[in-house]
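So this block is model_11.cif, mmCIF, C-alpha atoms and all ligand atoms:
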data_data
#
loop_
_atom_site.label_atom_id
_atom_site.label_comp_id
_atom_site.auth_asym_id
_atom_site.auth_seq_id
_atom_site.Cartn_x
_atom_site.Cartn_y
_atom_site.Cartn_z
CA MET W 1 90.84 94.64 74.60
CA LYS W 2 93.37 94.27 77.38
CA SER W 3 96.25 95.72 75.35
CA GLU W 4 94.03 98.68 74.40
CA LEU W 5 93.49 99.42 78.07
CA VAL W 6 97.21 99.29 78.75
CA GLU W 7 97.79 101.79 75.94
CA VAL W 8 95.23 104.19 77.42
CA PHE W 9 96.90 103.84 80.82
CA GLN W 10 100.34 104.46 79.40
CA SER W 11 99.42 107.54 77.38
CA LYS W 12 97.43 109.10 80.24
CA GLY W 13 100.04 108.19 82.81
CA SER W 14 102.98 109.62 80.92
CA LYS W 15 101.10 112.86 80.20
CA PHE W 16 100.32 113.22 83.87
CA ILE W 17 103.93 112.52 84.79
CA GLU W 18 105.14 115.03 82.19
CA ASN W 19 103.17 117.74 83.97
CA TYR W 20 104.82 116.86 87.25
CA VAL W 21 108.28 116.63 85.71
CA HIS W 22 107.72 120.01 84.08
CA TYR W 23 106.60 121.55 87.36
CA TYR W 24 109.51 119.90 89.18
CA SER W 25 112.21 121.15 86.79
CA THR W 26 110.80 124.69 86.65
CA LYS W 27 110.66 124.89 90.42
CA LEU W 28 114.06 123.27 90.89
CA SER W 29 115.92 125.67 88.60
CA MET W 30 114.26 128.57 90.42
CA LEU W 31 115.35 127.14 93.77
CA ASN W 32 118.89 126.57 92.51
CA GLU W 33 119.09 130.24 91.54
CA LEU W 34 118.10 131.11 95.09
CA GLU W 35 120.73 128.61 96.27
CA ILE W 36 118.19 126.38 97.97
CA PHE W 37 119.23 122.73 97.82
CA GLY W 38 118.60 119.37 99.46
CA LYS W 39 115.81 119.02 102.01
CA ARG W 40 114.80 122.67 101.84
CA ALA W 41 114.35 122.40 98.09
CA VAL W 42 112.31 119.22 98.57
CA SER W 43 109.89 120.93 100.98
CA CYS W 44 109.58 123.95 98.65
CA ILE W 45 108.70 121.70 95.72
CA ILE W 46 106.24 119.69 97.80
CA GLY W 47 104.61 122.90 99.01
CA GLY W 48 103.64 123.79 95.45
CA ILE W 49 101.94 120.50 94.63
CA THR W 50 98.21 121.08 94.30
CA ASP W 51 97.07 117.47 94.69
CA VAL W 52 96.51 117.00 98.43
CA LEU W 53 97.04 113.24 98.35
CA VAL W 54 100.33 113.53 96.46
CA ARG W 55 101.51 116.38 98.67
CA THR W 56 100.72 114.56 101.92
CA SER W 57 102.44 111.32 100.95
CA ALA W 58 105.40 113.19 99.46
CA LYS W 59 105.88 114.91 102.82
CA ALA W 60 105.59 111.58 104.62
CA GLY W 61 108.43 110.22 102.47
CA GLN W 62 110.90 112.73 104.01
CA TYR W 63 113.08 112.81 100.92
CA GLU W 64 116.65 114.02 101.36
CA SER W 65 117.14 115.27 97.81
CA PRO W 66 114.94 116.63 94.99
CA GLU W 67 116.01 113.69 92.81
CA MET W 68 114.45 111.23 95.23
CA LEU W 69 111.26 113.28 95.23
CA LEU W 70 111.16 113.19 91.44
CA CYS W 71 111.47 109.38 91.44
CA TYR W 72 108.60 109.20 93.89
CA LEU W 73 106.39 111.61 91.92
CA SER W 74 106.84 109.63 88.70
CA SER W 75 105.88 106.29 90.20
CA LEU W 76 103.03 107.63 92.31
CA THR W 77 101.19 109.54 89.59
CA GLU W 78 101.37 106.58 87.24
CA THR W 79 99.89 104.26 89.85
CA GLN W 80 97.13 106.73 90.68
CA ILE W 81 96.17 107.14 87.04
CA LEU W 82 96.09 103.38 86.58
CA ASN W 83 93.78 102.94 89.54
CA THR W 84 91.41 105.74 88.62
CA GLU W 85 91.20 104.66 85.01
CA PHE W 86 90.67 101.04 85.95
CA GLN W 87 87.84 101.90 88.34
CA ARG W 88 86.15 104.06 85.71
CA LYS W 89 86.44 101.33 83.08
CA SER W 90 85.02 98.62 85.33
CA GLN W 91 82.05 100.84 86.21
CA GLU W 92 81.35 101.37 82.53
CA THR W 93 81.36 97.68 81.73
CA VAL W 94 79.11 96.52 84.60
CA MET W 95 76.18 94.44 83.27
CA CYS W 96 72.74 93.98 84.76
CA TYR W 97 71.78 90.31 84.63
CA TYR W 98 68.07 91.14 84.95
CA CYS W 99 67.59 93.27 81.84
CA ASN W 100 70.99 92.52 80.24
CA LYS W 101 71.87 96.18 79.80
CA PRO W 102 75.23 97.70 80.75
CA GLY W 103 75.76 100.57 83.18
CA HIS W 104 73.97 99.37 86.30
CA LYS W 105 73.75 96.36 88.58
CA PHE W 106 70.71 94.20 89.21
CA ARG W 107 69.90 95.90 92.52
CA TYR W 108 69.68 99.30 90.80
CA CYS W 109 67.66 98.00 87.84
CA LYS W 110 64.59 100.08 86.93
CA MET W 111 63.00 97.17 85.05
CA ARG W 112 62.45 95.20 88.24
CA ASN W 113 59.17 96.89 89.23
ZN ZN N 1 68.75 96.25 84.50
#

Mind turning this structure into structure tokens?
Ligand SMILES: [Zn+2]
Amino acid sequence: MKSELVEVFQSKGSKFIENYVHYYSTKLSMLNELEIFGKRAVSCIIGGITDVLVRTSAKAGQYESPEMLLCYLSSLTETQILNTEFQRKSQETVMCYYCNKPGHKFRYCKMRN
């Protein structure tokens, strides 16, 4: 069961990261053509990130080079996916000890009244 979960995390995480890496490399080659490098390139790439949380914390990092930003993006998205997936899974497996059915806790049980 536990190894299954890890596999789900890994496949989802890497797909998510792939999207970011794809976005990053497309944007970076465009910026290189315009001869925009270093910090200016970093802020241009960050400006195009749609996820507000990722964008805000990427800005806060104040990365000097696009490579550093890429490292950050990879690690962050993986962590976020892990957390979201873990929360969803633990909500699914919650058991009511009153009626013994999954999906709700005792305090939300409809069988109580
Ligand atoms: Zn119940």

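Compared by their closest atoms to ligand ZN 1 (chain N), and using all atoms listed in the file, the residues W:Tyr108, W:Asn113, W:Asn83, W:Cys71 rank with W:Tyr108 nearest.
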
Quick one: residues within 9 Å of Ile49 in chain W, only C-alpha atoms, excluding same-chain residues fewer than 5 positions away - as a PDB file with C-alpha atoms, keeping the file's coordinate frame?
ATOM      1  CA  TYR W  20     104.820 116.860  87.250  1.00  0.00           C
ATOM      2  CA  TYR W  23     106.600 121.550  87.360  1.00  0.00           C
ATOM      3  CA  VAL W  54     100.330 113.530  96.460  1.00  0.00           C
ATOM      4  CA  ARG W  55     101.510 116.380  98.670  1.00  0.00           C
TER       5      ARG W  55
END

message = To check your reading of the model: which residues sit at most 6 Å from ligand ZN 1 (chain N) when counting only C-alpha atoms and all ligand atoms? Write the answer as number ranges by chain.
response = W: 96, 98-99, 101, 106, 109, 111

message = If I take CA of Ser29 in chain W and CA of Asp51 in chain W, how far is one from the other in Å, to one decimal?
response = 21.4 Å

message = I'd like the contact shell of Gly47 in chain W - 12 Å cut-off, only C-alpha atoms, skipping same-chain residues fewer than 4 positions apart - returned as a VMD selection string.
response = chain W and resid 23 to 24 27 40 to 43 51 to 52 54 to 59

Those same residues, written as a short mmCIF file (atom, residue, chain, number, x, y, z; two decimals), keeping the file's coordinate frame with C-alpha atoms?
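The resulting result03.cif:
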data_model
loop_
_atom_site.label_atom_id
_atom_site.label_comp_id
_atom_site.auth_asym_id
_atom_site.auth_seq_id
_atom_site.Cartn_x
_atom_site.Cartn_y
_atom_site.Cartn_z
CA TYR W 23 106.60 121.55 87.36
CA TYR W 24 109.51 119.90 89.18
CA LYS W 27 110.66 124.89 90.42
CA ARG W 40 114.80 122.67 101.84
CA ALA W 41 114.35 122.40 98.09
CA VAL W 42 112.31 119.22 98.57
CA SER W 43 109.89 120.93 100.98
CA ASP W 51 97.07 117.47 94.69
CA VAL W 52 96.51 117.00 98.43
CA VAL W 54 100.33 113.53 96.46
CA ARG W 55 101.51 116.38 98.67
CA THR W 56 100.72 114.56 101.92
CA SER W 57 102.44 111.32 100.95
CA ALA W 58 105.40 113.19 99.46
CA LYS W 59 105.88 114.91 102.82
#

task = Considering all atoms listed in the file, state which residue in the set W:Lys110, W:Gln62, W:Asn100, W:Ile45 is at the smallest distance from Leu28 in chain W.
result =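 Using all atoms listed in the file, Leu28 in chain W sits closest to W:Ile45.
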
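The interatomic distance for the pair CA of Leu73 in chain W and CA of Met30 in chain W works out to 18.8 Å.
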
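When CA of Gly38 in chain W is paired with CA of Glu67 in chain W, their separation reads 9.1 Å.
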
All residues 7 Å or closer to Tyr63 in chain W, all atoms listed in the file, same chain fewer than 4 positions away omitted, as a compact mmCIF listing (two decimals) with C-alpha atoms, in the coordinates of the input:
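File around_7.txt, as written:
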# COMPACT_ATOMS: atom_id res chain seq x y z
CA LYS W 39 115.81 119.02 102.01
CA VAL W 42 112.31 119.22 98.57
CA MET W 68 114.45 111.23 95.23
CA LEU W 69 111.26 113.28 95.23

Regenerate range 24-35 of chain W at the level of N, CA and C atoms and dump it as a short mmCIF file (atom, residue, chain, number, x, y, z; two decimals), in the frame of the given file.
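The resulting file, result.cif, is reproduced below:
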data_model
loop_
_atom_site.label_atom_id
_atom_site.label_comp_id
_atom_site.auth_asym_id
_atom_site.auth_seq_id
_atom_site.Cartn_x
_atom_site.Cartn_y
_atom_site.Cartn_z
N TYR W 24 108.32 120.19 88.36
CA TYR W 24 109.51 119.90 89.18
C TYR W 24 110.73 120.64 88.64
N SER W 25 110.98 120.55 87.33
CA SER W 25 112.21 121.15 86.79
C SER W 25 112.15 122.67 86.80
N THR W 26 110.95 123.24 86.57
CA THR W 26 110.80 124.69 86.65
C THR W 26 111.12 125.19 88.04
N LYS W 27 110.49 124.52 89.02
CA LYS W 27 110.66 124.89 90.42
C LYS W 27 112.11 124.70 90.86
N LEU W 28 112.71 123.59 90.44
CA LEU W 28 114.06 123.27 90.89
C LEU W 28 115.08 124.28 90.38
N SER W 29 114.95 124.70 89.13
CA SER W 29 115.92 125.67 88.60
C SER W 29 115.76 127.02 89.30
N MET W 30 114.51 127.34 89.66
CA MET W 30 114.26 128.57 90.42
C MET W 30 114.91 128.49 91.79
N LEU W 31 114.77 127.33 92.44
CA LEU W 31 115.35 127.14 93.77
C LEU W 31 116.87 127.15 93.73
N ASN W 32 117.44 126.58 92.66
CA ASN W 32 118.89 126.57 92.51
C ASN W 32 119.43 127.99 92.37
N GLU W 33 118.69 128.84 91.67
CA GLU W 33 119.09 130.24 91.54
C GLU W 33 119.10 130.93 92.89
N LEU W 34 118.16 130.54 93.73
CA LEU W 34 118.10 131.11 95.09
C LEU W 34 119.03 130.39 96.05
N GLU W 35 119.78 129.42 95.49
CA GLU W 35 120.73 128.61 96.27
C GLU W 35 120.03 127.84 97.39
#
